[in-house]
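K.L.:
Got a structure for you, input26.tsv, holding TSV, C-alpha atoms.
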```
chain	number	residue	atom	x	y	z
A	22	GLY	CA	-64.94	15.57	-27.37
A	23	PRO	CA	-68.43	14.15	-27.05
A	24	PRO	CA	-70.09	13.15	-23.79
A	25	VAL	CA	-69.66	9.53	-22.69
A	26	PRO	CA	-71.61	6.98	-20.64
A	27	VAL	CA	-69.17	6.04	-17.86
A	28	SER	CA	-70.66	3.29	-15.70
A	29	VAL	CA	-73.61	1.66	-14.00
A	30	THR	CA	-73.40	0.35	-10.43
A	31	PRO	CA	-74.00	-2.46	-9.78
A	32	SER	CA	-72.78	-3.54	-13.20
A	33	SER	CA	-74.06	-7.08	-12.72
A	34	GLY	CA	-76.32	-9.06	-10.46
A	35	SER	CA	-79.88	-10.21	-10.15
A	36	GLY	CA	-83.14	-9.33	-8.49
A	37	SER	CA	-86.62	-8.02	-9.05
A	38	SER	CA	-85.74	-4.56	-7.77
A	39	GLN	CA	-82.52	-2.57	-7.54
A	40	THR	CA	-81.29	0.98	-7.13
A	41	PHE	CA	-78.85	1.61	-9.99
A	42	THR	CA	-76.36	4.47	-10.17
A	43	PHE	CA	-75.63	5.64	-13.71
A	44	VAL	CA	-72.68	8.00	-14.33
A	45	TYR	CA	-72.38	10.09	-17.49
A	46	SER	CA	-69.52	12.47	-18.26
A	47	ASP	CA	-69.11	15.52	-20.48
A	48	PRO	CA	-65.77	17.27	-21.11
A	49	ARG	CA	-67.67	20.60	-21.08
A	50	GLY	CA	-69.07	19.91	-17.62
A	51	PHE	CA	-72.18	18.09	-16.42
A	52	ALA	CA	-74.39	21.15	-17.11
A	53	ALA	CA	-73.76	20.68	-20.85
A	54	ILE	CA	-75.63	17.35	-20.72
A	55	SER	CA	-79.22	17.78	-21.83
A	56	ASN	CA	-80.38	14.13	-21.77
A	57	ALA	CA	-79.10	10.90	-20.25
A	58	SER	CA	-80.75	7.64	-21.26
A	59	GLY	CA	-80.72	3.94	-20.55
A	60	ILE	CA	-82.21	0.70	-21.81
A	61	ILE	CA	-82.48	-2.51	-19.84
A	62	ASN	CA	-83.39	-5.23	-22.32
A	63	SER	CA	-82.18	-8.55	-23.72
A	64	LEU	CA	-80.80	-6.74	-26.78
A	65	LEU	CA	-80.24	-3.15	-27.87
A	66	SER	CA	-83.88	-2.36	-28.62
A	67	VAL	CA	-86.12	0.28	-27.09
A	68	ALA	CA	-89.28	-1.73	-27.83
A	69	VAL	CA	-90.57	-3.95	-25.02
A	70	GLY	CA	-87.77	-2.82	-22.71
A	71	CYS	CA	-87.16	-0.68	-19.67
A	72	TYR	CA	-86.24	2.47	-21.64
A	73	PHE	CA	-85.80	5.78	-19.82
A	74	SER	CA	-84.61	9.27	-20.60
A	75	TYR	CA	-83.64	11.91	-18.06
A	76	SER	CA	-83.95	15.62	-18.88
A	77	ARG	CA	-81.35	17.43	-16.77
A	78	ALA	CA	-82.84	20.92	-17.15
A	79	SER	CA	-86.25	19.89	-15.78
A	80	ASN	CA	-85.05	17.06	-13.46
A	81	ALA	CA	-87.70	14.91	-15.16
A	82	LEU	CA	-87.46	11.21	-15.89
A	83	TYR	CA	-89.43	9.80	-18.80
A	84	LEU	CA	-90.24	6.11	-19.18
A	85	ALA	CA	-91.24	4.83	-22.61
A	86	ASN	CA	-94.51	3.03	-23.20
A	87	ASP	CA	-94.33	-0.69	-24.02
A	88	ALA	CA	-93.90	-0.18	-27.76
A	89	SER	CA	-91.54	2.79	-27.23
A	90	THR	CA	-93.75	4.90	-29.48
A	91	ALA	CA	-94.34	7.57	-26.82
A	92	TRP	CA	-93.09	8.73	-23.44
A	93	LEU	CA	-95.28	8.24	-20.38
A	94	ALA	CA	-95.96	11.25	-18.16
A	95	PRO	CA	-92.66	12.36	-16.60
A	96	VAL	CA	-91.83	12.09	-12.91
A	97	THR	CA	-89.65	14.56	-11.02
A	98	LEU	CA	-86.77	12.84	-9.27
A	99	GLY	CA	-86.81	13.20	-5.50
A	100	GLN	CA	-90.53	13.94	-5.38
A	101	ASN	CA	-93.51	11.69	-4.75
A	102	GLY	CA	-94.49	9.69	-7.78
A	103	SER	CA	-93.75	6.71	-9.94
A	104	SER	CA	-93.98	5.67	-13.55
A	105	GLN	CA	-94.31	2.18	-14.96
A	106	ASN	CA	-94.74	0.16	-18.10
A	107	SER	CA	-95.04	-3.62	-18.52
A	108	GLN	CA	-91.29	-4.08	-18.03
A	109	CYS	CA	-90.31	-1.85	-15.12
A	110	ALA	CA	-91.35	0.84	-12.68
A	111	VAL	CA	-89.32	3.75	-11.37
A	112	ASN	CA	-89.86	5.12	-7.87
A	113	ALA	CA	-89.21	8.85	-8.23
A	114	THR	CA	-89.21	9.43	-4.46
A	115	ALA	CA	-86.23	7.09	-3.98
A	116	SER	CA	-84.41	8.34	-7.11
A	117	SER	CA	-82.16	11.36	-7.62
A	118	ALA	CA	-79.77	13.16	-9.93
A	119	SER	CA	-76.71	15.25	-9.12
A	120	GLY	CA	-73.88	16.86	-10.97
A	121	SER	CA	-70.28	17.56	-10.06
A	122	GLY	CA	-67.47	18.63	-12.35
A	123	ASN	CA	-67.85	16.72	-15.60
A	124	ASN	CA	-70.10	13.99	-14.17
A	125	LEU	CA	-73.86	13.65	-14.02
A	126	THR	CA	-74.96	10.91	-11.62
A	127	LEU	CA	-78.42	9.44	-11.99
A	128	THR	CA	-79.66	7.15	-9.20
A	129	LEU	CA	-82.81	5.22	-10.14
A	130	ALA	CA	-84.85	2.93	-7.92
A	131	LEU	CA	-86.23	0.36	-10.36
A	132	THR	CA	-88.60	-2.56	-9.91
A	133	PHE	CA	-88.94	-5.08	-12.71
A	134	GLN	CA	-92.29	-6.60	-13.61
A	135	PRO	CA	-92.64	-10.40	-13.24
A	136	GLY	CA	-93.23	-10.91	-16.97
A	137	PHE	CA	-89.90	-9.22	-17.79
A	138	GLY	CA	-87.76	-12.00	-16.27
A	139	GLY	CA	-84.53	-13.27	-17.79
A	140	ALA	CA	-81.01	-12.11	-18.60
A	141	ARG	CA	-80.89	-8.44	-19.55
A	142	ASN	CA	-78.20	-6.02	-20.72
A	143	ILE	CA	-77.87	-2.46	-19.44
A	144	TYR	CA	-77.18	0.11	-22.16
A	145	MET	CA	-76.44	3.83	-21.68
A	146	ASP	CA	-76.43	6.89	-23.93
A	147	VAL	CA	-75.94	10.61	-23.31
A	148	TYR	CA	-76.60	13.75	-25.35
A	149	ASP	CA	-75.26	17.33	-25.14
A	150	GLY	CA	-76.00	18.41	-28.72
A	151	VAL	CA	-73.89	15.44	-29.83
A	152	GLU	CA	-75.05	11.90	-29.09
A	153	ALA	CA	-72.50	9.55	-27.53
A	154	GLY	CA	-74.17	6.41	-28.94
A	155	TRP	CA	-75.47	3.39	-27.05
A	156	VAL	CA	-72.90	1.43	-25.05
A	157	GLN	CA	-73.48	-1.71	-22.97
A	158	LYS	CA	-72.27	-1.10	-19.41
A	159	GLY	CA	-73.78	-3.97	-17.45
A	160	THR	CA	-75.96	-7.04	-17.15
A	161	TRP	CA	-78.85	-7.88	-14.85
A	162	THR	CA	-80.88	-11.06	-14.36
A	163	ILE	CA	-84.52	-10.66	-13.42
A	164	PRO	CA	-86.17	-13.65	-11.71
```
Turn the structure described in the file into C-alpha cells.
P.N.:
Amino acid sequence: GPPVPVSVTPSSGSGSSQTFTFVYSDPRGFAAISNASGIINSLLSVAVGCYFSYSRASNALYLANDASTAWLAPVTLGQNGSSQNSQCAVNATASSASGSGNNLTLTLALTFQPGFGGARNIYMDVYDGVEAGWVQKGTWTIP
C-alpha cells in the first residue's frame, strides 16, 4: 500500500512556538519515503501558510516562500541554521528526523510570526513514489 501520514504531537493546543513531532509510515520501510510534508494554515492551501517539505535522503528541510511559488534555501536538521517566511520559522538546530521500522519521525521546532495568528489546521502528506494525499491531523491556535 501507499505511505500514510500517521500523527502530529501535540495534535491540538495553542502558542506562538511549539516543537511538533510528525510521524509518517511506509509499508516498505521508512527508507522508502523520499519526502514528508506539512502545512499549517487555516485551510488546505500552501499559499500564505507554514508549508514545509523534508527530503529524507539529504536530511534537508525546505520552507516555502510566502506565495508558495518557490522553496527557500534548505536547512539541515540538527545543524545550526533556521529558515523563515512571514508565517513561521523553523529552528534547524532544535529539529531532527529519525527512522525506525516503517516510521519516519520528524521533530520540528517552529515559531509562528505575530501576523499569522488565529485558528490553524495541521495537514500532512508523504511521498515514496506514490503520494498519500493531504490529511488533516491536528489543530493549533496562534495568539
K.L.:
So that I can check the surroundings of Trp161 in chain A, please list as a VMD selection string every protein, DNA and RNA residue that reaches within 7 Å of it, counting all atoms listed in the file and ignoring chain neighbours fewer than 3 positions away.
P.N.:
chain A and resid 33 to 35 140 to 142
K.L.:
Write a file of the just-selected residues containing C-alpha atoms, as a short mmCIF file (atom, residue, chain, number, x, y, z; two decimals), in the frame of the given file.
P.N.:
```cif
data_model
loop_
_atom_site.label_atom_id
_atom_site.label_comp_id
_atom_site.auth_asym_id
_atom_site.auth_seq_id
_atom_site.Cartn_x
_atom_site.Cartn_y
_atom_site.Cartn_z
CA SER A 33 -74.06 -7.08 -12.72
CA GLY A 34 -76.32 -9.06 -10.46
CA SER A 35 -79.88 -10.21 -10.15
CA ALA A 140 -81.01 -12.11 -18.60
CA ARG A 141 -80.89 -8.44 -19.55
CA ASN A 142 -78.20 -6.02 -20.72
#
```
K.L.:
Go through A:Ala115, A:Ile163, A:Ala85, A:Ala153 one by one, measure the shortest atom-to-atom distance of each to Thr42 in chain A using only C-alpha atoms, and give the residue with the smallest value.
P.N.:
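Looking only at the distances to Thr42 in chain A, the closest residue turns out to be A:Ala115.
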K.L.:
Taking only C-alpha atoms into account, which of A:Gly150, A:Gly138, A:Pro48, A:Pro164 comes nearest Gly70 in chain A?
P.N.:
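The answer is A:Gly138, which sits nearest to Gly70 in chain A.
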K.L.:
Just the residues within 12 Å of Gln108 in chain A, please, counting all atoms listed in the file, with nothing from its chain fewer than 4 positions along; format it as a ChimeraX atom specification.
P.N.:
/A:37-38,60-63,67-73,84-89,104,131-139,141,163
K.L.:
Which polymer residues have any atom within 10 Å of an atom of Asn56 in chain A, counting all atoms listed in the file, with same-chain residues fewer than 4 positions away left out, as a list of chain:residue names?
P.N.:
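Contacts, with the query itself left out: A:Tyr45, A:Ser74, A:Tyr75, A:Ser76, A:Arg77, A:Ala78, A:Asn80, A:Ala81, A:Leu82, A:Asp146, A:Val147, A:Tyr148, A:Asp149, A:Gly150, A:Glu152.
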K.L.:
Dump C-alpha atoms for the selected residues as a short mmCIF file (atom, residue, chain, number, x, y, z; two decimals), in the frame of the given file?
P.N.:
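As written to disk, result_7.cif reads:
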```
data_model
loop_
_atom_site.label_atom_id
_atom_site.label_comp_id
_atom_site.auth_asym_id
_atom_site.auth_seq_id
_atom_site.Cartn_x
_atom_site.Cartn_y
_atom_site.Cartn_z
CA TYR A 45 -72.38 10.09 -17.49
CA SER A 74 -84.61 9.27 -20.60
CA TYR A 75 -83.64 11.91 -18.06
CA SER A 76 -83.95 15.62 -18.88
CA ARG A 77 -81.35 17.43 -16.77
CA ALA A 78 -82.84 20.92 -17.15
CA ASN A 80 -85.05 17.06 -13.46
CA ALA A 81 -87.70 14.91 -15.16
CA LEU A 82 -87.46 11.21 -15.89
CA ASP A 146 -76.43 6.89 -23.93
CA VAL A 147 -75.94 10.61 -23.31
CA TYR A 148 -76.60 13.75 -25.35
CA ASP A 149 -75.26 17.33 -25.14
CA GLY A 150 -76.00 18.41 -28.72
CA GLU A 152 -75.05 11.90 -29.09
#
```
K.L.:
Out of A:Val151, A:Trp92, A:Val25, A:Thr40, which residue has the shortest atom-to-atom distance to Asn112 in chain A when counting all atoms listed in the file?
P.N.:
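Using all atoms listed in the file, Asn112 in chain A sits closest to A:Thr40.
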K.L.:
Quick one, how far is CA of Val156 in chain A from CA of Ala118 in chain A?
P.N.:
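Distance reported for this atom pair: 20.3 Å.
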K.L.:
Go through A:Ile143, A:Leu98, A:Gly22, A:Gln39 one by one, measure the shortest atom-to-atom distance of each to Ser119 in chain A using all atoms listed in the file, and give the residue with the smallest value.
P.N.:
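When distances to Ser119 in chain A are compared using all atoms listed in the file, the smallest one comes from A:Leu98.
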K.L.:
Quick one: pull the distance between CA of Ala130 in chain A and CA of Ala113 in chain A, Å, one decimal.
P.N.:
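Those two atoms sit 7.4 Å apart.
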